[in-house]
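Pasting final_14.cif here (mmCIF, C-alpha atoms and all ligand atoms):
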data_query
loop_
_atom_site.label_atom_id
_atom_site.label_comp_id
_atom_site.auth_asym_id
_atom_site.auth_seq_id
_atom_site.Cartn_x
_atom_site.Cartn_y
_atom_site.Cartn_z
CA MET H 11 36.69 1.12 -27.97
CA PHE H 12 38.13 4.36 -26.66
CA ARG H 13 37.47 7.15 -29.09
CA PRO H 14 39.50 10.37 -28.97
CA ILE H 15 37.60 13.46 -27.81
CA LEU H 16 38.60 17.07 -28.44
CA LYS H 17 39.53 18.81 -25.19
CA ASP H 18 41.17 22.04 -26.34
CA LEU H 19 42.40 24.05 -29.28
CA LYS H 20 45.01 26.73 -28.88
CA ALA H 21 46.06 29.02 -31.71
CA ILE H 22 49.07 31.34 -31.69
CA TRP H 23 50.94 33.30 -34.33
CA VAL H 24 54.47 32.34 -35.34
CA LEU H 25 56.68 33.70 -38.13
CA ASP H 26 57.07 32.15 -41.56
CA SER H 27 60.12 32.22 -43.85
CA ARG H 28 59.20 35.68 -45.23
CA SER H 29 58.82 37.11 -41.73
CA ASN H 30 55.06 37.20 -41.99
CA PRO H 31 52.94 35.90 -39.13
CA THR H 32 51.02 32.69 -39.63
CA VAL H 33 48.71 30.53 -37.54
CA GLU H 34 49.87 27.56 -35.50
CA VAL H 35 47.08 25.48 -33.99
CA PHE H 36 47.58 23.02 -31.12
CA ALA H 37 44.93 20.35 -30.70
CA TYR H 38 44.46 18.50 -27.40
CA VAL H 39 42.59 15.23 -27.57
CA GLN H 40 41.74 12.84 -24.79
CA ARG H 41 41.82 9.09 -25.24
CA LYS H 42 41.24 6.89 -22.23
CA GLU H 43 42.79 8.86 -19.37
CA ASP H 44 45.47 10.58 -21.41
CA ILE H 45 45.72 13.86 -23.25
CA PHE H 46 47.63 13.99 -26.57
CA VAL H 47 48.76 17.22 -28.20
CA ASP H 48 49.98 17.98 -31.69
CA SER H 49 50.13 21.07 -33.86
CA PHE H 50 50.17 22.31 -37.42
CA ILE H 51 51.60 25.55 -38.82
CA VAL H 52 49.75 26.88 -41.86
CA PRO H 53 51.95 27.97 -44.80
CA SER H 54 51.31 30.93 -47.10
CA GLY H 55 51.65 31.48 -50.87
CA ALA H 56 52.81 34.46 -52.94
CA SER H 57 51.73 33.38 -56.41
CA THR H 58 48.25 32.56 -55.18
CA GLY H 59 45.51 31.34 -57.51
CA GLU H 60 42.47 33.55 -57.88
CA PHE H 61 40.20 30.69 -56.77
CA GLU H 62 42.07 29.62 -53.62
CA ALA H 63 40.35 29.44 -50.24
CA LEU H 64 40.73 32.72 -48.39
CA GLU H 65 43.67 33.29 -46.07
CA LEU H 66 42.27 35.61 -43.42
CA ARG H 67 44.51 38.59 -42.63
CA ASP H 68 43.69 41.40 -40.19
CA ASN H 69 44.39 44.26 -42.62
CA GLU H 70 45.30 46.47 -39.72
CA LYS H 71 48.48 48.31 -38.76
CA ASP H 72 50.43 45.37 -37.32
CA PHE H 73 52.65 43.33 -39.65
CA HIS H 74 51.81 45.63 -42.58
CA GLY H 75 48.25 44.35 -42.53
CA LYS H 76 49.25 40.69 -42.43
CA GLY H 77 48.35 40.00 -38.79
CA VAL H 78 46.36 36.83 -38.11
CA ASN H 79 44.56 37.76 -34.89
CA LYS H 80 41.13 37.39 -36.48
CA ALA H 81 41.99 33.84 -37.60
CA ILE H 82 43.31 33.06 -34.12
CA LYS H 83 40.05 34.30 -32.56
CA ASN H 84 38.09 32.14 -34.97
CA VAL H 85 39.86 29.05 -33.64
CA SER H 86 38.26 29.79 -30.22
CA PHE H 87 34.89 30.02 -31.94
CA ILE H 88 35.55 26.61 -33.54
CA LEU H 89 36.49 25.16 -30.15
CA ASP H 90 33.16 26.27 -28.69
CA HIS H 91 31.46 24.09 -31.30
CA LEU H 92 33.77 21.06 -31.27
CA TYR H 93 34.60 20.80 -27.57
CA ASN H 94 34.06 17.28 -26.22
CA ASN H 95 33.19 15.98 -29.69
CA TYR H 96 34.59 12.73 -31.01
CA VAL H 97 37.27 13.66 -33.52
CA ASP H 98 38.39 10.30 -34.91
CA ASN H 99 36.79 10.80 -38.32
CA ILE H 100 38.50 13.50 -40.36
CA PHE H 101 35.63 13.70 -42.85
CA GLU H 102 33.15 14.44 -40.05
CA VAL H 103 35.42 16.95 -38.32
CA ASP H 104 36.03 18.79 -41.58
CA LYS H 105 32.34 18.71 -42.49
CA LYS H 106 31.61 20.53 -39.25
CA LEU H 107 34.35 23.06 -39.94
CA ILE H 108 32.94 23.74 -43.40
CA GLU H 109 29.43 24.14 -41.98
CA LEU H 110 30.62 26.47 -39.22
CA ASP H 111 32.29 28.65 -41.84
CA GLY H 112 29.30 28.57 -44.16
CA SER H 113 30.99 30.22 -47.17
CA SER H 114 32.15 28.67 -50.45
CA ASN H 115 35.80 29.74 -50.01
CA LYS H 116 36.24 29.66 -46.22
CA SER H 117 36.16 33.43 -46.10
CA ASN H 118 34.21 33.69 -42.85
CA LEU H 119 36.54 31.86 -40.50
CA GLY H 120 39.59 31.89 -42.81
CA ALA H 121 41.24 28.90 -44.47
CA ASN H 122 44.24 29.50 -42.21
CA ALA H 123 42.10 29.01 -39.06
CA ILE H 124 40.18 26.06 -40.51
CA LEU H 125 43.17 24.20 -41.95
CA GLY H 126 45.15 24.69 -38.73
CA VAL H 127 42.37 22.99 -36.78
CA SER H 128 41.72 20.28 -39.37
CA VAL H 129 45.32 19.08 -39.53
CA ALA H 130 46.23 19.62 -35.86
CA ILE H 131 43.28 17.47 -34.75
CA ALA H 132 44.19 14.68 -37.18
CA LYS H 133 47.80 14.71 -35.96
CA ALA H 134 46.78 14.65 -32.29
CA VAL H 135 44.42 11.74 -32.97
CA ALA H 136 47.24 9.84 -34.73
CA LYS H 137 49.36 10.43 -31.65
CA SER H 138 46.63 9.10 -29.41
CA TYR H 139 46.75 5.84 -31.39
CA ASP H 140 50.54 5.89 -31.19
CA ILE H 141 51.04 5.58 -34.95
CA PRO H 142 53.12 7.79 -37.24
CA PHE H 143 51.06 10.34 -39.13
CA PHE H 144 51.80 8.86 -42.56
CA LYS H 145 50.31 5.56 -41.45
CA TYR H 146 47.31 7.20 -39.83
CA LEU H 147 46.64 9.06 -43.08
CA SER H 148 46.24 5.79 -44.94
CA PHE H 149 42.96 5.12 -43.06
CA TRP H 150 41.58 8.01 -45.09
CA THR H 151 43.57 7.79 -48.30
CA ASN H 152 43.11 4.01 -48.58
CA SER H 153 46.76 3.80 -49.41
CA TYR H 154 48.39 0.85 -47.75
CA GLU H 155 51.48 1.07 -49.87
CA TYR H 156 53.79 3.84 -48.79
CA TYR H 157 56.63 5.23 -50.86
CA LEU H 158 59.19 7.95 -50.40
CA PRO H 159 58.18 10.57 -52.95
CA ILE H 160 60.18 11.83 -55.92
CA PRO H 161 61.29 15.36 -55.04
CA MET H 162 61.02 18.31 -57.42
CA MET H 163 63.63 20.71 -56.09
CA ASN H 164 63.49 24.33 -57.07
CA ILE H 165 67.15 25.33 -57.42
CA ILE H 166 66.72 28.46 -59.56
CA ASN H 167 64.03 30.90 -58.44
CA GLY H 168 62.37 33.54 -60.60
CA GLY H 169 58.94 35.14 -61.06
CA VAL H 170 57.39 36.63 -57.95
CA HIS H 171 59.71 34.55 -55.73
CA ALA H 172 62.89 36.38 -56.71
CA ASP H 173 64.27 39.78 -57.47
CA ASN H 174 65.60 38.93 -60.94
CA ASP H 175 64.27 39.08 -64.51
CA LEU H 176 63.35 35.42 -64.96
CA ASP H 177 59.69 35.30 -65.99
CA PHE H 178 59.34 31.65 -65.06
CA GLN H 179 59.01 31.06 -61.34
CA GLU H 180 60.76 27.72 -60.69
CA PHE H 181 63.50 25.63 -62.27
CA MET H 182 63.59 22.28 -60.52
CA ILE H 183 65.73 19.17 -60.57
CA VAL H 184 64.06 15.78 -60.37
CA PRO H 185 66.34 12.98 -59.15
CA LEU H 186 64.77 10.03 -60.94
CA GLY H 187 67.80 7.83 -61.45
CA PHE H 188 68.38 6.67 -57.89
CA GLU H 189 67.54 3.46 -56.15
CA ASP H 190 66.84 4.94 -52.76
CA PHE H 191 65.66 8.22 -51.34
CA SER H 192 68.78 9.10 -49.39
CA ASN H 193 70.97 8.83 -52.48
CA ALA H 194 68.52 11.00 -54.39
CA ILE H 195 68.79 13.69 -51.70
CA LYS H 196 72.58 13.37 -51.49
CA ALA H 197 72.94 13.79 -55.26
CA SER H 198 70.53 16.74 -55.30
CA SER H 199 72.49 18.49 -52.60
CA GLU H 200 75.66 17.95 -54.63
CA VAL H 201 74.03 19.43 -57.73
CA TYR H 202 72.81 22.41 -55.68
CA ASN H 203 76.32 23.15 -54.47
CA SER H 204 77.82 22.61 -57.92
CA LEU H 205 75.33 25.14 -59.26
CA LYS H 206 76.44 27.59 -56.60
CA LYS H 207 80.03 27.22 -57.73
CA ILE H 208 79.12 27.58 -61.43
CA LEU H 209 77.13 30.75 -60.78
CA LYS H 210 80.00 32.20 -58.78
CA ASP H 211 82.45 31.34 -61.58
CA ASN H 212 80.14 33.25 -63.93
CA ASN H 213 80.18 36.26 -61.62
CA LEU H 214 76.54 35.81 -60.79
CA SER H 215 74.95 36.27 -57.40
CA VAL H 216 74.42 33.20 -55.24
CA SER H 217 71.86 34.83 -52.99
CA VAL H 218 68.63 32.88 -52.90
CA GLY H 219 64.94 33.43 -53.60
CA ASP H 220 61.92 32.55 -51.49
CA GLU H 221 62.27 28.79 -51.94
CA GLY H 222 66.00 28.49 -51.30
CA GLY H 223 66.99 28.27 -54.97
CA PHE H 224 69.51 30.71 -56.40
CA ALA H 225 68.22 33.92 -57.94
CA PRO H 226 70.92 34.98 -60.40
CA LYS H 227 70.34 38.13 -62.45
CA ILE H 228 69.51 36.35 -65.67
CA ASP H 229 66.34 36.52 -67.73
CA SER H 230 66.38 33.56 -70.12
CA PRO H 231 64.84 30.23 -69.08
CA PHE H 232 67.27 28.57 -71.52
CA LYS H 233 70.20 30.05 -69.62
CA ALA H 234 68.71 28.78 -66.34
CA CYS H 235 68.39 25.26 -67.80
CA GLU H 236 71.96 25.43 -69.17
CA PHE H 237 73.31 26.23 -65.71
CA ILE H 238 71.34 23.35 -64.21
CA ILE H 239 72.61 20.92 -66.86
CA ALA H 240 76.17 22.09 -66.19
CA ALA H 241 75.66 21.57 -62.44
CA ILE H 242 74.32 18.04 -62.95
CA GLU H 243 77.30 17.14 -65.15
CA LYS H 244 79.82 18.81 -62.89
CA SER H 245 78.53 16.64 -60.03
CA GLY H 246 79.15 13.51 -62.10
CA TYR H 247 75.51 12.68 -62.86
CA LYS H 248 73.77 12.00 -66.15
CA VAL H 249 71.31 14.48 -67.56
CA GLY H 250 68.10 12.76 -68.67
CA LYS H 251 68.94 9.66 -66.67
CA ASP H 252 69.85 10.58 -63.12
CA PHE H 253 68.21 13.99 -63.24
CA TYR H 254 65.36 15.60 -65.17
CA ILE H 255 64.22 19.20 -65.12
CA SER H 256 60.80 20.49 -64.07
CA LEU H 257 59.46 24.00 -64.52
CA ASP H 258 56.79 25.99 -62.75
CA VAL H 259 56.07 28.79 -65.17
CA ALA H 260 53.31 30.30 -62.97
CA ALA H 261 52.06 31.99 -66.12
CA SER H 262 49.16 33.80 -64.41
CA SER H 263 51.78 36.10 -62.92
CA PHE H 264 52.79 37.49 -66.33
CA PHE H 265 49.49 37.35 -68.21
CA LYS H 266 48.24 40.83 -69.09
CA ASP H 267 45.59 41.95 -71.59
CA ASN H 268 45.39 38.50 -73.12
CA LYS H 269 49.13 38.33 -73.76
CA TYR H 270 52.02 36.72 -71.94
CA ILE H 271 54.78 39.18 -71.05
CA TYR H 272 57.87 37.13 -71.85
CA LEU H 273 61.30 38.80 -71.81
CA LYS H 274 59.46 42.13 -71.55
CA ASN H 275 57.49 41.53 -74.78
CA PRO H 276 53.80 40.68 -74.98
CA ILE H 277 53.47 37.37 -76.86
CA THR H 278 50.55 35.13 -77.81
CA HIS H 279 49.89 31.71 -76.30
CA LYS H 280 51.11 30.16 -79.58
CA GLU H 281 54.43 31.94 -79.26
CA LEU H 282 54.66 30.80 -75.65
CA ILE H 283 54.01 27.22 -76.79
CA ASN H 284 56.94 27.64 -79.19
CA VAL H 285 59.15 28.54 -76.24
CA TYR H 286 58.00 25.40 -74.41
CA GLU H 287 58.54 23.34 -77.52
CA LYS H 288 62.12 24.54 -77.76
CA LEU H 289 62.74 23.86 -74.08
CA ILE H 290 61.28 20.36 -74.36
CA SER H 291 63.39 19.53 -77.39
CA SER H 292 66.58 20.94 -75.84
CA TYR H 293 66.42 19.57 -72.29
CA PRO H 294 65.04 16.52 -70.46
CA ILE H 295 61.90 18.30 -69.28
CA PHE H 296 59.91 16.15 -66.87
CA SER H 297 57.03 18.51 -66.18
CA ILE H 298 55.72 22.00 -66.80
CA GLU H 299 53.44 23.53 -64.20
CA ASP H 300 50.99 26.35 -64.94
CA PRO H 301 52.13 26.93 -68.55
CA PHE H 302 49.17 29.31 -69.05
CA ASP H 303 46.98 31.66 -67.09
CA GLU H 304 44.46 30.15 -64.66
CA ASN H 305 41.55 31.28 -66.89
CA ASP H 306 43.10 30.49 -70.27
CA TRP H 307 41.50 27.03 -70.58
CA GLU H 308 41.76 26.93 -74.37
CA SER H 309 45.56 27.24 -74.39
CA TRP H 310 45.76 24.60 -71.67
CA LYS H 311 43.67 22.23 -73.81
CA GLU H 312 45.78 22.81 -76.89
CA PHE H 313 49.03 22.24 -75.01
CA THR H 314 47.74 19.18 -73.14
CA ASN H 315 46.56 17.61 -76.34
CA LYS H 316 50.01 17.99 -77.85
CA TYR H 317 52.25 17.05 -74.92
CA LYS H 318 50.26 14.86 -72.52
CA ASP H 319 52.17 11.71 -73.50
CA LYS H 320 55.56 13.35 -73.30
CA ILE H 321 55.65 15.35 -70.08
CA LEU H 322 53.61 16.00 -66.96
CA ILE H 323 51.48 19.10 -67.39
CA VAL H 324 50.74 20.23 -63.87
CA GLY H 325 47.78 22.37 -62.83
CA ASP H 326 48.32 24.54 -59.77
CA ASP H 327 46.63 27.96 -59.99
CA ILE H 328 44.09 26.58 -62.46
CA PHE H 329 42.91 23.78 -60.10
CA VAL H 330 43.74 25.20 -56.62
CA THR H 331 43.25 21.71 -55.11
CA ASN H 332 39.53 22.21 -55.66
CA ILE H 333 37.46 19.17 -56.61
CA GLU H 334 35.11 21.06 -58.93
CA ARG H 335 37.95 22.70 -60.80
CA ILE H 336 39.88 19.42 -61.09
CA GLU H 337 36.71 17.80 -62.42
CA LYS H 338 36.38 20.54 -65.02
CA GLY H 339 40.01 19.89 -65.99
CA ILE H 340 39.39 16.17 -66.36
CA ASN H 341 36.25 16.74 -68.47
CA ASN H 342 38.08 19.17 -70.74
CA ASN H 343 41.32 17.18 -71.11
CA VAL H 344 43.30 19.87 -69.37
CA ALA H 345 46.62 18.86 -67.76
CA ASN H 346 47.60 15.37 -66.65
CA ALA H 347 48.81 16.18 -63.13
CA VAL H 348 47.59 18.23 -60.18
CA LEU H 349 49.61 20.20 -57.67
CA ILE H 350 48.20 19.61 -54.20
CA LYS H 351 48.35 22.33 -51.54
CA LEU H 352 46.49 21.92 -48.27
CA ASN H 353 45.88 25.61 -47.76
CA GLN H 354 44.49 26.18 -51.25
CA ILE H 355 41.39 24.25 -50.27
CA GLY H 356 41.57 24.54 -46.49
CA THR H 357 40.89 21.12 -44.95
CA LEU H 358 42.75 17.82 -44.82
CA SER H 359 39.81 15.73 -46.00
CA GLU H 360 39.07 17.92 -49.03
CA THR H 361 42.76 17.66 -49.92
CA ILE H 362 42.54 13.87 -49.74
CA LYS H 363 39.38 13.91 -51.89
CA ALA H 364 41.19 16.02 -54.48
CA ILE H 365 44.07 13.52 -54.55
CA SER H 366 41.71 10.54 -54.99
CA LEU H 367 39.70 12.23 -57.72
CA ALA H 368 42.87 13.07 -59.64
CA ASN H 369 44.40 9.62 -59.21
CA LYS H 370 41.20 7.84 -60.19
CA ASN H 371 41.29 9.73 -63.47
CA GLY H 372 44.92 8.97 -64.20
CA TYR H 373 46.21 12.37 -63.12
CA LYS H 374 49.44 12.34 -61.14
CA THR H 375 49.47 14.32 -57.90
CA ILE H 376 52.33 16.32 -56.44
CA ILE H 377 52.21 17.41 -52.80
CA SER H 378 53.49 20.96 -52.52
CA HIS H 379 54.79 23.45 -49.98
CA ARG H 380 54.06 27.18 -50.29
CA SER H 381 56.67 29.85 -50.90
CA GLY H 382 56.03 31.13 -47.36
CA GLU H 383 56.92 28.13 -45.19
CA THR H 384 57.94 27.10 -41.70
CA GLU H 385 59.60 24.20 -39.94
CA ASP H 386 56.36 22.23 -40.15
CA ASN H 387 56.92 18.96 -42.01
CA THR H 388 53.42 17.49 -42.18
CA ILE H 389 53.33 17.47 -46.00
CA SER H 390 56.15 14.92 -46.04
CA HIS H 391 53.77 12.42 -44.45
CA LEU H 392 51.02 13.18 -46.93
CA ALA H 393 53.45 12.64 -49.82
CA THR H 394 54.02 8.99 -48.85
CA ASN H 395 50.33 8.21 -49.44
CA ASN H 396 49.07 7.89 -53.02
CA SER H 397 50.97 10.86 -54.47
CA TYR H 398 54.63 9.98 -54.44
CA PHE H 399 55.84 13.36 -55.69
CA ILE H 400 56.80 16.25 -53.46
CA LYS H 401 57.67 19.80 -54.44
CA THR H 402 59.21 21.57 -51.50
CA GLY H 403 61.94 23.90 -52.69
CA ALA H 404 65.70 23.68 -52.86
CA PRO H 405 67.64 21.25 -50.67
CA ALA H 406 68.64 24.26 -48.60
CA ARG H 407 67.19 26.53 -45.91
CA SER H 408 65.58 24.84 -42.95
CA GLU H 409 61.96 25.58 -43.84
CA ARG H 410 62.57 23.55 -47.05
CA ASN H 411 64.90 20.94 -45.60
CA SER H 412 62.50 20.26 -42.72
CA LYS H 413 60.40 18.37 -45.30
CA TYR H 414 63.31 16.48 -46.89
CA ASN H 415 64.76 15.73 -43.46
CA GLU H 416 61.48 14.28 -42.22
CA LEU H 417 61.44 12.03 -45.28
CA LEU H 418 65.01 10.99 -44.47
CA ARG H 419 63.82 10.07 -40.98
CA ILE H 420 60.98 8.03 -42.46
CA TYR H 421 63.51 6.41 -44.81
CA ASN H 422 65.87 5.51 -41.99
CA PHE H 423 63.30 4.37 -39.47
CA TYR H 424 60.66 2.76 -41.68
CA ASN H 425 62.70 1.70 -44.64
CA LEU H 426 60.23 2.71 -47.35
CA ASN H 427 61.09 2.28 -51.02
CA TYR H 428 61.79 5.26 -53.24
CA TYR H 429 59.03 5.77 -55.79
CA ALA H 430 61.39 6.53 -58.69
CA THR H 431 62.06 2.86 -59.40
CA SER H 432 58.42 2.00 -59.62
CA TYR H 433 57.61 5.16 -61.57
CA LYS H 434 60.21 4.40 -64.19
CA SER H 435 59.02 0.87 -64.73
CA ASN H 436 55.37 1.94 -65.02
CA TYR H 437 55.62 5.08 -67.10
CA LEU H 438 57.57 5.87 -70.16
CA ILE H 439 60.31 8.38 -69.54
CA THR H 440 61.72 10.06 -72.59
CA SER H 441 65.34 10.93 -72.56
C1 LIG H 501 53.68 27.45 -56.57
C2 LIG H 501 54.00 27.76 -55.15
C3 LIG H 501 54.97 26.85 -54.46
P1 LIG H 501 53.30 29.94 -53.96
O1 LIG H 501 53.34 28.34 -57.37
O2 LIG H 501 53.68 26.28 -56.96
O3 LIG H 501 56.16 26.65 -55.12
O4 LIG H 501 54.28 29.10 -54.92
O5 LIG H 501 53.27 29.26 -52.65
O6 LIG H 501 53.90 31.33 -53.90
O7 LIG H 501 51.94 29.93 -54.61
MG MG H 502 52.84 26.75 -58.93
#
Could you render the structure as structure tokens?
Amino acid sequence: MFRPILKDLKAIWVLDSRSNPTVEVFAYVQRKEDIFVDSFIVPSGASTGEFEALELRDNEKDFHGKGVNKAIKNVSFILDHLYNNYVDNIFEVDKKLIELDGSSNKSNLGANAILGVSVAIAKAVAKSYDIPFFKYLSFWTNSYEYYLPIPMMNIINGGVHADNDLDFQEFMIVPLGFEDFSNAIKASSEVYNSLKKILKDNNLSVSVGDEGGFAPKIDSPFKACEFIIAAIEKSGYKVGKDFYISLDVAASSFFKDNKYIYLKNPITHKELINVYEKLISSYPIFSIEDPFDENDWESWKEFTNKYKDKILIVGDDIFVTNIERIEKGINNNVANAVLIKLNQIGTLSETIKAISLANKNGYKTIISHRSGETEDNTISHLATNNSYFIKTGAPARSERNSKYNELLRIYNFYNLNYYATSYKSNYLITS
């Protein structure tokens, strides 16, 4: 048995989609006589949850304080401790990383340094075995059934991701009515371009927000949904059959003094629930993410209790891919789905543990990009194991399409089934 051994780690900075620097880590592992290299580029959020693992920034003059030289240095420190170690067990590698950091939120070495190392090593090890990363992942996820995930594509951007007056952050299309993944992507691209035309015809801007979706100067979430419905129909698809709509409200970003600032007015959580109620009764809403602030557990409970059998209620900022917080959610009947972001928790194995915990308790999991992204497409591989949903922006802009395109490669070369068919037959979809 030839076990892979870590021979080198090299970290550099590269630019993300918002022109901020981020860490790319290259891992070099030796197996038999050969050296195998692979890398991972860490993404970066804007609407970050208060309880996320810490992204270490230099806070010095360069890059308006956003430099990552400290994180890069910390990768050398990690190398000193992992050099020549066996690295074929991701749980053991990550355990060492967590111990080396020694904090509860990875604030000593930085989640950007730690995650870069964690994922780059796993990818290099997969290469040393000559298996695609999605298959290698299944050793750890115990998922021997792979599917192409159902995309949630953010085609209208608001909140902190856009320069408009939409309070809600993301308006997504969900192509559920397709037999295979490539047709789902084709149809979504058609809807995206129909939406562009409709916005133009309405004299609205077609410039885009952080995640490649349009950012028209509108303020009403109802108007945003109307445009999306029109785009679906204009493309010849059926609303509530071929396509559903998902929302990421990201409500922590407009929660002030115990009120939600909606359309410039402070409203109570009950009034906000009324807005959701109206949206759910007017449109085929598939899911609502972060409907309330990350600390407003009571409102979450109330809403979950009412809507858990009708839509997916997705926890992002409230759970931050953190096992303890997800557990608290499960024990309190909060949400029925978890958004999964590698850099919220900071290692690959903790991410996998979060997915298993959620799935074991009947919570759906959605693998997610960050608003600050790069060409890295690793999350596409993760989304074929046990999650089967992926949220990675509009079908536009290369940092978003890199994920969809990698899934198209997996579709074409490995012929995986699209999860939508199986999802529809197992779970009730209201129309
Ligand atoms: C979210 C994400 C990704 P950010 O809120 O779900 O869409 O945004 O990366 O800015 O946290
Ligand atoms: Mg979110």
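Counting all atoms listed in the file and comparing H:Pro159, H:Ala234, H:Lys145, H:Ser57, the residue that lies closest to Tyr424 in chain H is H:Lys145.
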Counting all atoms listed in the file, which protein, DNA or RNA residues come within 7 Å of ligand LIG 501 (chain H), given as a short mmCIF file (atom, residue, chain, number, x, y, z; two decimals) with C-alpha atoms, in the coordinates of the input?
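The result, written out as pocket_31.cif:
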data_model
loop_
_atom_site.label_atom_id
_atom_site.label_comp_id
_atom_site.auth_asym_id
_atom_site.auth_seq_id
_atom_site.Cartn_x
_atom_site.Cartn_y
_atom_site.Cartn_z
CA SER H 54 51.31 30.93 -47.10
CA GLY H 55 51.65 31.48 -50.87
CA ALA H 56 52.81 34.46 -52.94
CA SER H 57 51.73 33.38 -56.41
CA THR H 58 48.25 32.56 -55.18
CA HIS H 171 59.71 34.55 -55.73
CA ASP H 258 56.79 25.99 -62.75
CA ALA H 260 53.31 30.30 -62.97
CA ASP H 326 48.32 24.54 -59.77
CA SER H 378 53.49 20.96 -52.52
CA HIS H 379 54.79 23.45 -49.98
CA ARG H 380 54.06 27.18 -50.29
CA SER H 381 56.67 29.85 -50.90
CA GLY H 382 56.03 31.13 -47.36
CA THR H 402 59.21 21.57 -51.50
CA GLY H 403 61.94 23.90 -52.69
#
Query - Shell around Lys207 in chain H at 9 Å using only C-alpha atoms, local window under 4 positions removed, as a list in words - result: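 Residues meeting the cut-off are Tyr202, Asn203, Asp211, Asn212, Val216 and Ala241 of chain H.
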Could the residues in this selection be saved with C-alpha atoms as a PDB file, keeping the file's coordinate frame?
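Listed below is the output, out39.pdb:
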ATOM      1  CA  TYR H 202      72.810  22.410 -55.680  1.00  0.00           C
ATOM      2  CA  ASN H 203      76.320  23.150 -54.470  1.00  0.00           C
ATOM      3  CA  ASP H 211      82.450  31.340 -61.580  1.00  0.00           C
ATOM      4  CA  ASN H 212      80.140  33.250 -63.930  1.00  0.00           C
ATOM      5  CA  VAL H 216      74.420  33.200 -55.240  1.00  0.00           C
ATOM      6  CA  ALA H 241      75.660  21.570 -62.440  1.00  0.00           C
TER       7      ALA H 241
END
May I have a table of the residues of range 90-157 of chain H lying at most 8 Å from range 355-373 of chain H, giving each one's closest pair of atoms and their distance in Å to one decimal, counting only C-alpha atoms, ordered by chain and ascending residue number, as CSV?
residue,atom,partner,partner_atom,distance
H:Ile100,CA,H:Ser359,CA,6.2
H:Phe101,CA,H:Ser359,CA,5.6
H:Asp104,CA,H:Thr357,CA,6.4
H:Asn115,CA,H:Ile355,CA,7.8
H:Lys116,CA,H:Gly356,CA,7.4
H:Ala121,CA,H:Gly356,CA,4.8
H:Asn122,CA,H:Gly356,CA,7.1
H:Ile124,CA,H:Gly356,CA,6.3
H:Leu125,CA,H:Gly356,CA,4.8
H:Ser128,CA,H:Thr357,CA,5.7
H:Val129,CA,H:Leu358,CA,6.0
H:Trp150,CA,H:Ile362,CA,7.5
H:Thr151,CA,H:Ile362,CA,6.3
Expected file contents, prior selection, C-alpha atoms, as a short mmCIF file (atom, residue, chain, number, x, y, z; two decimals), in the frame of the given file:
data_model
loop_
_atom_site.label_atom_id
_atom_site.label_comp_id
_atom_site.auth_asym_id
_atom_site.auth_seq_id
_atom_site.Cartn_x
_atom_site.Cartn_y
_atom_site.Cartn_z
CA ILE H 100 38.50 13.50 -40.36
CA PHE H 101 35.63 13.70 -42.85
CA ASP H 104 36.03 18.79 -41.58
CA ASN H 115 35.80 29.74 -50.01
CA LYS H 116 36.24 29.66 -46.22
CA ALA H 121 41.24 28.90 -44.47
CA ASN H 122 44.24 29.50 -42.21
CA ILE H 124 40.18 26.06 -40.51
CA LEU H 125 43.17 24.20 -41.95
CA SER H 128 41.72 20.28 -39.37
CA VAL H 129 45.32 19.08 -39.53
CA TRP H 150 41.58 8.01 -45.09
CA THR H 151 43.57 7.79 -48.30
#
Query raised in the report: Quick one: distance from CA of Glu200 in chain H to CA of Ile255 in chain H in Å, one decimal?
Result: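 Taking CA of Glu200 in chain H as the start and CA of Ile255 in chain H as the end point, the length is 15.6 Å.
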Query raised in the report: What residues have any atom no more than 12 Å from ligand MG 502 (chain H) when counting all atoms listed in the file, and can you list them as a VMD selection string?
Result: chain H and resid 55 to 59 162 164 167 to 171 178 to 182 221 256 to 263 297 to 304 323 to 331 348 to 351 354 376 to 381 401 to 403
Report task. Step by step: start from the point (49.9, 18.3, -29.5) in the file's coordinates, keep every protein, DNA or RNA residue that has an atom no farther than 6 Å from it, count only C-alpha atoms, and write the set as a list in words. Result -> Phe36, Ala37, Tyr38, Phe46, Val47, Asp48, Ser49 and Ala134 of chain H
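Of the residues under consideration (H:Asp68, H:Asp229, H:Glu383, H:Asp190), H:Glu383 shows the shortest atom-to-atom contact distance to Ser27 in chain H when counting only C-alpha atoms.
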